[in-house]
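Shown next, in structure tokens, is the structure this report addresses.
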There are 2 protein chains.
Amino acid sequence: MKIVEWIAQKRDGGALSDGQISEIVTAYCRGSLPDYQMAALAMAIYFQGMKHDEVVSLTRHMLASGALFDWPGLERPLVDKHSTGGIGDKISIVLAPLLSAAGMAVPMISGRGLGATGGTLDKLESIPGFQVNLSMEQIRRQVDDTGCVIAGASDEIAPADRRLYALRDVTATVPSIPLITASILSKKLAEGLHALVFDVKTGSGAFMKSVDRAATLARSLVTVATELGVPSRALLTDMNQPTGKMVGNANEINEAVDVLQGGGPPDVRALTIELAVAVLTMLPGSNRPDPLALSRQLAGLLDGGAAMERFERMCQAQGANWTGPLPCAQRHAVIASEAGWIESINAEELGWIVIELKGGRTRLGDKLDHSTGIEVLARIGDRIERGQPLAMLICHNDDKGRVEQRLADAFQIGSQVVDVVPLIHAVIGGDNERQGTS
Amino acid sequence: MKIVEWIAQKRDGGALSDGQISEIVTAYCRGSLPDYQMAALAMAIYFQGMKHDEVVSLTRHMLASGALFDWPGLERPLVDKHSTGGIGDKISIVLAPLLSAAGMAVPMISGRGLGATGGTLDKLESIPGFQVNLSMEQIRRQVDDTGCVIAGASDEIAPADRRLYALRDVTATVPSIPLITASILSKKLAEGLHALVFDVKTGSGAFMKSVDRAATLARSLVTVATELGVPSRALLTDMNQPTGKMVGNANEINEAVDVLQGGGPPDVRALTIELAVAVLTMLPGSNRPDPLALSRQLAGLLDGGAAMERFERMCQAQGANWTGPLPCAQRHAVIASEAGWIESINAEELGWIVIELKGGRTRLGDKLDHSTGIEVLARIGDRIERGQPLAMLICHNDDKGRVEQRLADAFQIGSQVVDVVPLIHAVIGGDNERQGTS
């Protein structure tokens, strides 16, 4: 293995072969390729990128570094969704039970908060007793029994990714589309899925601030997953304002449950149904159901209580009991100091404010206060009068003073009418690629 | 220290401040900045470069990581030369004694073979007993007593460079002009010099194959050394064919001694005198001696035996005795298979052939056979008849068969008259910058 020549090859813009990538991943897992060479290679990849075949190879070998789920005897199709993360993104909590109610098996491997964004696992832990650390065998059994599970990635899955991700985090090599693609897929593809949908977010609260970069990532995820045998599609969705009204933990769970019971904010309901339609219409062998009929059927599963029933069964299977809305901290209105139209919202800043309220971590191992958060009352394009509340801070009285001005400043109020932003910018992949659906 | 943010800053094309670079070098020496972060940073520097101020800071802090020479009571001016390395480059072995004979003090820190190029220290060890591993105190004393010394860098000098260079070597981050500049100068400037000249080589036997890149390196070296208080100038010299006829170890020493005794190949003599003139005319407070008169005076020091006498004293001070030409292996002619003009010579290949003959290392710690090498008989532009010798292989009879065809193939013979290449492409820095001197 001539790793120095291979780093130089990538540094100079060359492509690495499948054999080279296989040796690199194997040696890195075994510990015979040291972190400093992997760091130099990751930085070279950051600058020079990777061709499609290279990303496929990297994903495949990282996937093969760990265990894969298999599902002997399972008759329901296996589906999942991956979101690139955003502020107030509680879609998974609604979508997994909804897809389960629609007859699917959903072995959803999810994550913790990252940067300014909250994590689905952290939010679920607001429910007293809810266990997210399950073994592969526990996950397999729960999918068999309950139809859906939301849990963390066990140590058995893609150890190459765990090691590489930790290295990228401390070497400023996270924002590389080939490396992001391989990292996401080496975990998701271990689930043994029949179809997969990506929610790639773009805007002020997303990792990808520009639509172009988000579209590049979406296309990379879809083409690589499809090449590796999992029919995939990506929705490019707007993250210039939170998804729904609630940002936090317990308050997001409460809002997700509202949606599971047929209510809740229209954007959360609409995006959940769109993602479900996107993944269900990709299932091989399905009779290509009419998307409109399908979305009506999914709405019925929310409105009629079938999805909520699945959610309650999932809570029970994971050690918790849903007994009604979770308690939250005190609510304090943050009001507009001028009249006008909401021009923009700094969604990332809302995430940082929640972290300031201990609803997220500043360092590994921090214990969360699940009761805090924000309720956003104004959306982009809304007309606001002076003194009208923009948002409610959900926090302990002592913390209010520290963050209320920051929260008010996150809303940009202009003097002109503002166009409403679309919820879905584009659909990438599948046979019905389209743009600008709202 | 937010090293991840600083790596990202460089990755995104930003400049690092003096304070940041100081912390990085200090932490790296202390071991609190791990190799993997330094490797990522080095690769980011490879792609984004560094501004002049950053290179000055990096050089200064790497220099300050180690000990500096001081010269209490020394009245002679301190001068030195650094070459970027080439095939058959034995200039240092002539130049150090010559400058000493001209009244200078020359504390020359030199190196081993690197890639295809031989090392001055390896060549000097052809002389039985010659010691190159000296302490700083031994170097200081020898300069006091003898006027010149050629020795390896002691562990006390620029430890930051030693650690970083070893890391760059295994992470494909060697060919970065800012990092090369800081590496060279962090050692050379520890010598406490009054003037410094660089021999930056370009061509088929040099690290910098293109004149443009060599000129960029030359300008970087000169501007940074000058900013750090050492008047400097660079000669951009041709390395499309070996310097002199001899490539190897003992045979190069014999050729250097020929020049020290007033003979030897004209290019070795001319380049040595040019480099001496370049450094001597930069000395602060000197009466800007006329370069032509100075070069005549230097020629006299070679022809009259004064330089040779200094060489013999240097040998004695370093444990050896010069008793006449060193023994070499058998000579075998390699002849031209066609008539024509020498169009080009693959000088780097000559270096690899010498390594094949054990005149250089393929791995750390290899023991050298100093008796082997090549004598080049044809130079670019020469008219050659079929059957005429191109070069002599100096090797043991058993090894001849393995390399003679490779040696013949290193000479490209064309059917047209070829322009002679200039020895010096340009002079960079100082007050008499010029181009195209031959």
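Chain labels follow the order of the structure tokens: the first chain is A, the next B, and so on; residue numbering restarts at 1 in every chain, and ligands are counted from 1 in their shown order.
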
Exercise for review: May I have the residues within 10 Å of B:Asp409 as a ChimeraX atom specification, using only C-alpha atoms and disregarding those fewer than 2 positions away in the same chain?
Suggested key: /B:336,345-346,349,403-407,411-413

Exercise for review: Identify all chain A residues at most 10 Å from chain B by counting only C-alpha atoms; ligands do not count. Present them as an MDAnalysis selection string.
Suggested key: chainID A and resid 3:11 34:44 46:48 167:175

With N, CA and C atoms retained, could you export that selection as a tab-separated table (two decimals), in the first residue's frame?
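Everything below was put into result37.tsv:
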chain	number	residue	atom	x	y	z
A	3	ILE	N	0.35	4.54	0.36
A	3	ILE	CA	-0.67	5.53	0.71
A	3	ILE	C	-0.22	6.95	0.39
A	4	VAL	N	1.08	7.25	0.53
A	4	VAL	CA	1.52	8.62	0.25
A	4	VAL	C	1.30	8.96	-1.23
A	5	GLU	N	1.63	8.01	-2.12
A	5	GLU	CA	1.36	8.23	-3.55
A	5	GLU	C	-0.14	8.38	-3.80
A	6	TRP	N	-0.93	7.64	-3.07
A	6	TRP	CA	-2.39	7.72	-3.29
A	6	TRP	C	-2.94	9.06	-2.82
A	7	ILE	N	-2.42	9.56	-1.69
A	7	ILE	CA	-2.84	10.90	-1.25
A	7	ILE	C	-2.43	11.92	-2.32
A	8	ALA	N	-1.21	11.78	-2.84
A	8	ALA	CA	-0.73	12.71	-3.88
A	8	ALA	C	-1.61	12.63	-5.13
A	9	GLN	N	-2.02	11.41	-5.46
A	9	GLN	CA	-2.88	11.20	-6.63
A	9	GLN	C	-4.21	11.97	-6.47
A	10	LYS	N	-4.82	11.87	-5.30
A	10	LYS	CA	-6.06	12.62	-5.04
A	10	LYS	C	-5.78	14.12	-4.97
A	11	ARG	N	-4.68	14.49	-4.32
A	11	ARG	CA	-4.28	15.90	-4.22
A	11	ARG	C	-4.17	16.52	-5.62
A	34	PRO	N	-2.72	5.49	9.65
A	34	PRO	CA	-2.87	6.42	10.78
A	34	PRO	C	-3.78	7.60	10.46
A	35	ASP	N	-4.32	8.20	11.53
A	35	ASP	CA	-5.23	9.33	11.40
A	35	ASP	C	-4.62	10.48	10.59
A	36	TYR	N	-3.29	10.70	10.73
A	36	TYR	CA	-2.73	11.88	10.03
A	36	TYR	C	-2.76	11.71	8.53
A	37	GLN	N	-2.61	10.46	8.04
A	37	GLN	CA	-2.71	10.26	6.60
A	37	GLN	C	-4.17	10.35	6.14
A	38	MET	N	-5.10	9.83	6.95
A	38	MET	CA	-6.51	9.93	6.61
A	38	MET	C	-6.95	11.40	6.61
A	39	ALA	N	-6.42	12.20	7.54
A	39	ALA	CA	-6.77	13.62	7.61
A	39	ALA	C	-6.29	14.35	6.36
A	40	ALA	N	-5.06	14.04	5.92
A	40	ALA	CA	-4.53	14.68	4.71
A	40	ALA	C	-5.36	14.27	3.50
A	41	LEU	N	-5.73	13.00	3.44
A	41	LEU	CA	-6.55	12.50	2.33
A	41	LEU	C	-7.93	13.17	2.35
A	42	ALA	N	-8.53	13.28	3.53
A	42	ALA	CA	-9.86	13.91	3.63
A	42	ALA	C	-9.80	15.36	3.15
A	43	MET	N	-8.72	16.07	3.53
A	43	MET	CA	-8.61	17.46	3.09
A	43	MET	C	-8.40	17.52	1.57
A	44	ALA	N	-7.62	16.60	1.02
A	44	ALA	CA	-7.43	16.56	-0.44
A	44	ALA	C	-8.77	16.28	-1.13
A	46	TYR	N	-11.70	17.07	0.13
A	46	TYR	CA	-12.46	18.32	0.27
A	46	TYR	C	-12.19	19.22	-0.93
A	47	PHE	N	-10.92	19.35	-1.32
A	47	PHE	CA	-10.57	20.28	-2.41
A	47	PHE	C	-10.82	19.69	-3.80
A	48	GLN	N	-10.54	18.41	-3.99
A	48	GLN	CA	-10.59	17.84	-5.34
A	48	GLN	C	-11.88	17.07	-5.62
A	167	LEU	N	-12.91	11.99	13.04
A	167	LEU	CA	-11.70	12.65	12.53
A	167	LEU	C	-12.06	13.90	11.74
A	168	ARG	N	-13.07	13.79	10.86
A	168	ARG	CA	-13.47	14.95	10.05
A	168	ARG	C	-13.91	16.10	10.94
A	169	ASP	N	-14.59	15.76	12.03
A	169	ASP	CA	-15.11	16.77	12.95
A	169	ASP	C	-13.99	17.63	13.53
A	170	VAL	N	-12.81	17.06	13.71
A	170	VAL	CA	-11.70	17.81	14.34
A	170	VAL	C	-10.64	18.23	13.34
A	171	THR	N	-10.89	18.04	12.04
A	171	THR	CA	-9.91	18.45	11.02
A	171	THR	C	-10.54	19.35	9.96
A	172	ALA	N	-11.72	19.90	10.25
A	172	ALA	CA	-12.38	20.84	9.32
A	172	ALA	C	-12.61	20.21	7.95
A	173	THR	N	-12.95	18.92	7.94
A	173	THR	CA	-13.24	18.26	6.66
A	173	THR	C	-14.67	17.70	6.63
A	174	VAL	N	-15.56	18.26	7.47
A	174	VAL	CA	-16.96	17.83	7.43
A	174	VAL	C	-17.65	18.24	6.12
A	175	PRO	N	-17.57	19.52	5.71
A	175	PRO	CA	-18.42	19.94	4.58
A	175	PRO	C	-17.89	19.52	3.21

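Of the listed residues B:Leu302, B:Ala410, B:Ile353, B:Met239, the one whose atoms come nearest to B:Ile87 is B:Met239, with distances taken using only C-alpha atoms.
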
**Study point:** Polymer residues at most 10 Å from A:Cys315, only C-alpha atoms, same-chain spacing of 2 or more positions, as a PyMOL selection string
**Key:** chain A and resi 124+127-131+146+149-150+309-313+317-322

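If you look at atom CA of B:Val418 and atom CA of B:Gly381, they are 4.8 Å away from each other.
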
Check your understanding: Near stretch 107-118 of chain B, within 10 Å and counting only C-alpha atoms, which residues show up once chain neighbours fewer than 4 positions away are dropped, as number ranges by chain?
Key -> B: 69, 78-90, 92, 96, 100, 122-123, 132, 136, 139-140, 142-144, 147-154, 187-188, 190-193, 205-207, 247-249, 347-355, 359-362

Practice item. Compile the contact shell of A:Arg288 as a ChimeraX atom specification: residues with an atom at most 12 Å away, counting only C-alpha atoms, same-chain residues fewer than 5 positions apart removed. Key: /A:277-283,293-294,430-432
